[in-house]
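*Asks:* File follows, structure-v4.txt with compact mmCIF, C-alpha atoms:
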# COMPACT_ATOMS: atom_id res chain seq x y z
CA MET A 1 -13.12 -46.04 55.77
CA GLY A 2 -10.85 -46.27 58.83
CA PHE A 3 -7.28 -44.99 59.07
CA LEU A 4 -5.79 -48.49 58.86
CA ASP A 5 -7.88 -49.30 55.79
CA SER A 6 -6.63 -46.11 54.15
CA VAL A 7 -3.00 -46.97 54.91
CA GLU A 8 -3.48 -50.53 53.65
CA ARG A 9 -4.97 -49.32 50.39
CA SER A 10 -2.14 -46.79 49.90
CA LEU A 11 0.47 -49.49 50.44
CA GLU A 12 -1.38 -51.83 48.09
CA ARG A 13 -1.45 -49.21 45.34
CA ALA A 14 2.26 -48.52 45.81
CA VAL A 15 3.18 -52.21 45.65
CA ASN A 16 0.92 -52.83 42.66
CA GLY A 17 2.38 -49.81 40.91
CA ALA A 18 5.93 -51.08 41.48
CA PHE A 19 5.06 -54.51 40.08
CA ALA A 20 3.31 -52.96 37.10
CA ARG A 21 6.35 -50.84 36.23
CA THR A 22 8.64 -53.84 36.62
CA PHE A 23 6.70 -56.46 34.68
CA ARG A 24 4.71 -54.22 32.32
CA SER A 25 1.73 -56.55 32.54
CA GLY A 26 -1.79 -55.30 31.90
CA VAL A 27 -4.80 -55.71 34.18
CA GLN A 28 -6.55 -59.05 33.64
CA PRO A 29 -10.26 -59.73 34.23
CA VAL A 30 -9.47 -62.31 36.93
CA GLU A 31 -7.66 -59.56 38.89
CA ILE A 32 -10.71 -57.33 38.62
CA GLY A 33 -12.90 -60.17 39.85
CA SER A 34 -10.67 -60.68 42.90
CA ALA A 35 -10.69 -56.94 43.66
CA LEU A 36 -14.49 -56.82 43.46
CA LYS A 37 -14.81 -59.72 45.92
CA ARG A 38 -12.47 -57.93 48.31
CA GLU A 39 -14.53 -54.74 48.12
CA LEU A 40 -17.70 -56.71 48.84
CA ASP A 41 -16.10 -58.17 51.97
CA ILE A 42 -14.65 -54.85 53.15
CA GLY A 43 -17.89 -52.96 52.58
CA ALA A 44 -20.25 -55.51 54.18
CA VAL A 45 -22.27 -54.04 57.06
CA VAL A 46 -24.32 -56.17 59.47
CA VAL A 47 -27.84 -54.74 59.79
CA ASP A 48 -29.10 -57.56 62.00
CA ARG A 49 -28.52 -61.30 62.41
CA ASP A 50 -30.05 -62.21 59.05
CA ARG A 51 -29.18 -59.13 57.01
CA VAL A 52 -25.76 -58.05 55.80
CA LEU A 53 -25.71 -55.19 53.30
CA THR A 54 -22.80 -54.71 50.93
CA PRO A 55 -21.98 -52.16 48.20
CA ASN A 56 -23.75 -52.58 44.86
CA ARG A 57 -22.08 -49.93 42.68
CA PHE A 58 -18.48 -50.51 41.55
CA VAL A 59 -16.36 -48.26 39.36
CA VAL A 60 -13.20 -50.05 38.22
CA ARG A 61 -10.49 -47.52 37.30
CA VAL A 62 -7.62 -48.63 35.09
CA SER A 63 -4.97 -46.94 32.96
CA PRO A 64 -5.97 -45.68 29.48
CA GLN A 65 -4.05 -48.50 27.77
CA ASP A 66 -5.72 -51.15 29.94
CA ALA A 67 -9.13 -49.53 29.47
CA ASP A 68 -8.70 -49.54 25.70
CA ARG A 69 -7.87 -53.27 25.73
CA LEU A 70 -10.57 -54.31 28.22
CA LEU A 71 -13.37 -52.23 26.74
CA ARG A 72 -12.90 -53.85 23.34
CA LEU A 73 -14.82 -56.75 24.89
CA GLY A 74 -17.83 -54.47 25.10
CA ASN A 75 -20.68 -55.12 27.51
CA THR A 76 -19.76 -58.80 27.80
CA LEU A 77 -16.93 -58.14 30.23
CA GLU A 78 -18.97 -55.90 32.53
CA ASN A 79 -21.82 -58.44 32.50
CA GLU A 80 -19.38 -61.18 33.55
CA LEU A 81 -18.07 -58.98 36.35
CA ARG A 82 -21.60 -58.30 37.60
CA GLU A 83 -22.18 -62.05 37.72
CA ILE A 84 -19.02 -62.53 39.81
CA VAL A 85 -20.34 -59.92 42.26
CA ARG A 86 -23.72 -61.68 42.46
CA LYS A 87 -22.18 -65.11 43.02
CA HIS A 88 -19.77 -63.95 45.73
CA ALA A 89 -22.55 -62.07 47.53
CA ALA A 90 -24.76 -65.18 47.40
CA ARG A 91 -21.99 -67.38 48.82
CA GLN A 92 -21.42 -64.93 51.68
CA ASN A 93 -25.15 -64.26 52.25
CA TYR A 94 -24.68 -60.57 51.49
CA GLN A 95 -27.61 -58.49 50.28
CA PHE A 96 -27.75 -55.46 48.00
CA LEU A 97 -29.89 -52.34 47.98
CA GLY A 98 -30.47 -53.10 44.30
CA GLU A 99 -28.98 -54.87 41.31
CA PRO A 100 -25.15 -54.74 41.32
CA ASP A 101 -23.49 -52.55 38.72
CA VAL A 102 -19.87 -52.67 37.52
CA GLU A 103 -18.37 -50.07 35.20
CA ILE A 104 -14.82 -49.93 33.83
CA VAL A 105 -13.43 -46.44 33.28
CA SER A 106 -10.14 -44.98 32.11
CA ASP A 107 -8.06 -43.07 34.67
CA ASP A 108 -5.03 -41.08 33.44
CA SER A 109 -3.48 -41.13 36.92
CA LEU A 110 -3.00 -44.90 36.92
CA THR A 111 -0.09 -46.89 35.50
CA GLY A 112 -0.64 -49.87 33.22
CA GLY A 113 -1.30 -53.01 35.26
CA VAL A 114 -2.78 -51.09 38.21
CA LEU A 115 -6.47 -51.01 39.05
CA GLN A 116 -8.55 -49.18 41.64
CA VAL A 117 -12.13 -50.01 42.64
CA ASP A 118 -14.52 -47.41 44.06
CA ALA A 119 -17.36 -49.22 45.85
CA THR A 120 -20.53 -47.47 47.01
CA GLN A 121 -24.17 -48.15 47.82
CA VAL A 122 -26.68 -46.45 45.58
CA GLU A 123 -28.80 -44.11 47.69
CA GLY A 124 -32.35 -45.20 48.33
CA SER A 125 -34.69 -46.34 51.06
CA VAL A 126 -34.65 -49.99 52.05
CA ASP A 127 -37.96 -51.81 51.76
CA TRP A 128 -37.63 -55.49 52.65
CA VAL A 129 -39.39 -57.77 50.19
CA ALA A 130 -40.12 -61.48 50.52
CA ALA A 131 -38.97 -63.74 47.70
CA ILE A 132 -38.56 -67.39 46.75
CA ASP A 133 -35.41 -68.51 44.91
CA VAL A 134 -35.92 -71.53 42.64
CA ASP A 135 -33.29 -72.91 40.24
CA GLY A 136 -31.38 -69.64 40.15
CA GLN A 137 -34.49 -67.51 39.58
CA ARG A 138 -35.91 -65.10 42.13
CA HIS A 139 -39.69 -64.71 42.48
CA GLU A 140 -40.80 -61.78 44.63
CA LEU A 141 -43.90 -62.54 46.68
CA ARG A 142 -46.95 -60.31 46.67
CA ARG A 143 -48.95 -59.90 49.85
CA GLY A 144 -51.42 -62.72 50.09
CA THR A 145 -51.12 -66.26 48.75
CA THR A 146 -48.68 -67.60 46.15
CA VAL A 147 -49.28 -71.11 44.79
CA VAL A 148 -46.35 -73.36 43.81
CA GLY A 149 -46.64 -76.51 41.68
CA ARG A 150 -46.47 -78.14 38.25
CA GLY A 151 -49.74 -76.71 37.00
CA SER A 152 -49.71 -74.00 34.36
CA ASP A 153 -52.02 -71.89 36.51
CA CYS A 154 -49.56 -71.79 39.48
CA ASP A 155 -47.91 -68.51 40.43
CA ILE A 156 -44.53 -70.24 40.65
CA ARG A 157 -44.31 -73.19 38.29
CA ILE A 158 -41.75 -75.98 38.78
CA THR A 159 -41.04 -78.93 36.49
CA ASP A 160 -40.12 -81.51 39.13
CA SER A 161 -42.08 -84.73 38.47
CA ALA A 162 -42.46 -85.22 42.24
CA ALA A 163 -44.50 -82.04 42.50
CA SER A 164 -48.28 -82.01 42.42
CA ARG A 165 -50.16 -79.67 40.11
CA LYS A 166 -50.96 -77.44 43.09
CA HIS A 167 -48.38 -78.53 45.63
CA LEU A 168 -47.81 -75.75 48.10
CA GLU A 169 -48.97 -72.27 48.98
CA ILE A 170 -46.89 -69.51 50.56
CA ILE A 171 -48.69 -66.83 52.52
CA TRP A 172 -46.94 -63.48 53.01
CA ASP A 173 -48.56 -60.68 55.03
CA GLY A 174 -45.74 -58.17 54.71
CA ALA A 175 -44.07 -59.23 57.94
CA THR A 176 -44.19 -63.02 58.27
CA GLY A 177 -44.21 -65.96 55.86
CA LEU A 178 -46.09 -69.24 56.14
CA ALA A 179 -45.81 -72.35 53.92
CA ARG A 180 -48.78 -74.72 53.70
CA ASP A 181 -48.78 -78.07 51.86
CA LEU A 182 -51.93 -78.46 49.76
CA GLY A 183 -52.31 -82.21 50.32
CA SER A 184 -49.61 -83.04 47.77
CA THR A 185 -48.92 -86.66 46.83
CA ASN A 186 -45.22 -86.67 47.79
CA GLY A 187 -45.29 -84.01 50.48
CA SER A 188 -43.08 -81.02 51.27
CA LYS A 189 -40.04 -81.06 53.55
CA ILE A 190 -37.97 -78.66 55.62
CA GLU A 191 -34.68 -80.04 56.95
CA GLY A 192 -35.77 -83.52 55.91
CA GLN A 193 -39.07 -83.40 57.83
CA ARG A 194 -42.45 -83.41 56.13
CA PHE A 195 -44.82 -80.66 57.22
CA ARG A 196 -48.39 -79.58 56.77
CA GLU A 197 -47.79 -75.97 57.75
CA ALA A 198 -44.57 -74.17 58.70
CA ARG A 199 -43.51 -70.63 59.54
CA LEU A 200 -40.74 -69.32 57.29
CA GLN A 201 -37.57 -67.49 58.26
CA THR A 202 -34.92 -65.96 56.03
CA GLY A 203 -32.93 -68.78 54.46
CA THR A 204 -35.54 -71.51 55.07
CA VAL A 205 -35.30 -74.15 52.31
CA ILE A 206 -38.40 -76.09 51.30
CA MET A 207 -37.79 -79.30 49.33
CA ILE A 208 -40.31 -80.53 46.78
CA GLY A 209 -38.81 -83.70 45.36
CA GLN A 210 -35.37 -82.61 44.15
CA THR A 211 -36.31 -78.94 43.86
CA ALA A 212 -35.21 -76.47 46.54
CA LEU A 213 -37.27 -73.35 47.26
CA ARG A 214 -35.35 -70.85 49.40
CA PHE A 215 -37.34 -68.19 51.24
CA GLN A 216 -35.52 -64.84 51.40
CA LEU A 217 -36.03 -61.33 52.66
CA VAL A 218 -34.33 -59.10 50.11
CA PRO A 219 -33.87 -55.33 50.10
CA GLY A 220 -35.81 -53.34 47.56
CA ARG A 221 -35.24 -49.65 46.95
CA SER A 222 -36.24 -46.57 45.03
CA ARG A 223 -33.09 -46.14 43.01
CA ALA A 224 -31.61 -42.70 42.54
CA PRO A 225 -30.09 -41.89 39.13
CA ARG A 226 -26.50 -43.06 38.83
CA GLN A 227 -24.03 -40.21 38.98
CA GLY A 228 -21.05 -40.17 36.65
CA PHE A 229 -22.21 -43.11 34.52
CA SER A 230 -20.49 -43.10 31.16
CA ALA A 231 -22.98 -42.00 28.53
CA GLY A 232 -20.80 -43.60 25.87
CA SER A 233 -20.92 -47.06 27.36
CA SER A 234 -23.82 -48.09 25.17
CA THR A 235 -21.71 -47.54 22.04
CA ARG A 236 -19.15 -50.18 22.97
CA GLY A 237 -18.96 -53.17 20.69
CA SER A 238 -19.90 -56.70 21.69
CA ALA A 239 -17.48 -59.60 21.87
CA SER A 240 -17.28 -63.07 23.35
CA VAL A 241 -15.02 -63.83 26.29
CA ASP A 242 -12.80 -66.90 26.18
CA GLN A 243 -13.35 -68.86 29.41
CA ASP A 244 -9.57 -69.38 29.76
CA PHE A 245 -9.33 -65.59 29.93
CA TRP A 246 -11.04 -65.69 33.31
CA GLY A 247 -9.48 -68.57 35.16
CA ALA A 248 -11.29 -69.81 38.25
CA LYS A 249 -14.13 -67.67 39.52
Mind turning this structure into structure tokens?
*Replies:*
Amino acid sequence: MGFLDSVERSLERAVNGAFARTFRSGVQPVEIGSALKRELDIGAVVVDRDRVLTPNRFVVRVSPQDADRLLRLGNTLENELREIVRKHAARQNYQFLGEPDVEIVSDDSLTGGVLQVDATQVEGSVDWVAAIDVDGQRHELRRGTTVVGRGSDCDIRITDSAASRKHLEIIWDGATGLARDLGSTNGSKIEGQRFREARLQTGTVIMIGQTALRFQLVPGRSRAPRQGFSAGSSTRGSASVDQDFWGAK
């Protein structure tokens, strides 16, 4: 963190603390969501043109009274916050070293209504893995050939009626990706153009009917054990979260 970032954060904490003492309002989940997005943006590091890494471990520190109120929601709240992190990273084309993790902890040094987010990357080696995203699901590609289509024997099965039983194959050799149409009835398209065979780059979208298949290079890692994770988190109760509680995400 640079000197100016440090000064900005100190000023922000001071202003937030003053407002909290004045209005006596507690931390709301929508505020935590906004803070997490900000930390994602601040912590993003460009590795190369197609790869931007961002923190994946977030510890949200709040006052004891706020922690008591927020943690009554159990794991539901933290799960919602993890989803906010995933969605913002996807919109910004950020990538993680592993699955994002958000934990809310009590901090006696903080005043009610004030929150602090510690963002880090979990240590581990980066091993870039090829994947296909379809309808919100990610399918990692093995080396070799992956078959896509409507058939039950396909490696990646899609339900689009415009797809053939064996529609397309994706060949991944560990360094480059290639898509090959298998003589499908309705064809496969990239940027509106039908193709027989096409080389894939990160972010390439293949259309089969109305179904989009996005080719990605995603970071995999050997995850180190999390330090300082609350052993008591698994004992928290479960509760539903009212959507009005969140506001716009």
*Asks:* Can you work out which one of A:Asp155, A:Asp108, A:Asp50, A:Asp41 has the shortest atom-to-atom distance to Arg142 in chain A, counting all atoms listed in the file?
*Replies:*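 Among A:Asp155, A:Asp108, A:Asp50, A:Asp41, it is A:Asp155 that comes nearest to Arg142 in chain A.
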*Asks:* Hey, which of A:Gly187, A:Asp118, A:Ile171, A:Ile104 ends up closest to Arg72 in chain A? Count only C-alpha atoms.
*Replies:*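 Closest to Arg72 in chain A, using only C-alpha atoms: A:Ile104.
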*Asks:* Compile the contact shell of range 199-206 of chain A as an MDAnalysis selection string: residues with an atom at most 7 Å away, counting all atoms listed in the file, same-chain residues fewer than 4 positions apart removed.
*Replies:* chainID A and resid 50 177:179 188:190 212:217
*Asks:* Applying 7 Å and all atoms listed in the file, which residues near Ser106 in chain A remain after dropping the ones on its own chain fewer than 3 positions away? List them as a list of chain:residue names.
*Replies:*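 Using all atoms listed in the file, the neighbours found are A:Arg61, A:Val62, A:Ser63, A:Pro64, A:Ala67.
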*Asks:* Which one is closest to Leu141 in chain A: A:Tyr94, A:Asn186, A:Val218, A:Gln116? Count only C-alpha atoms.
*Replies:* A:Val218
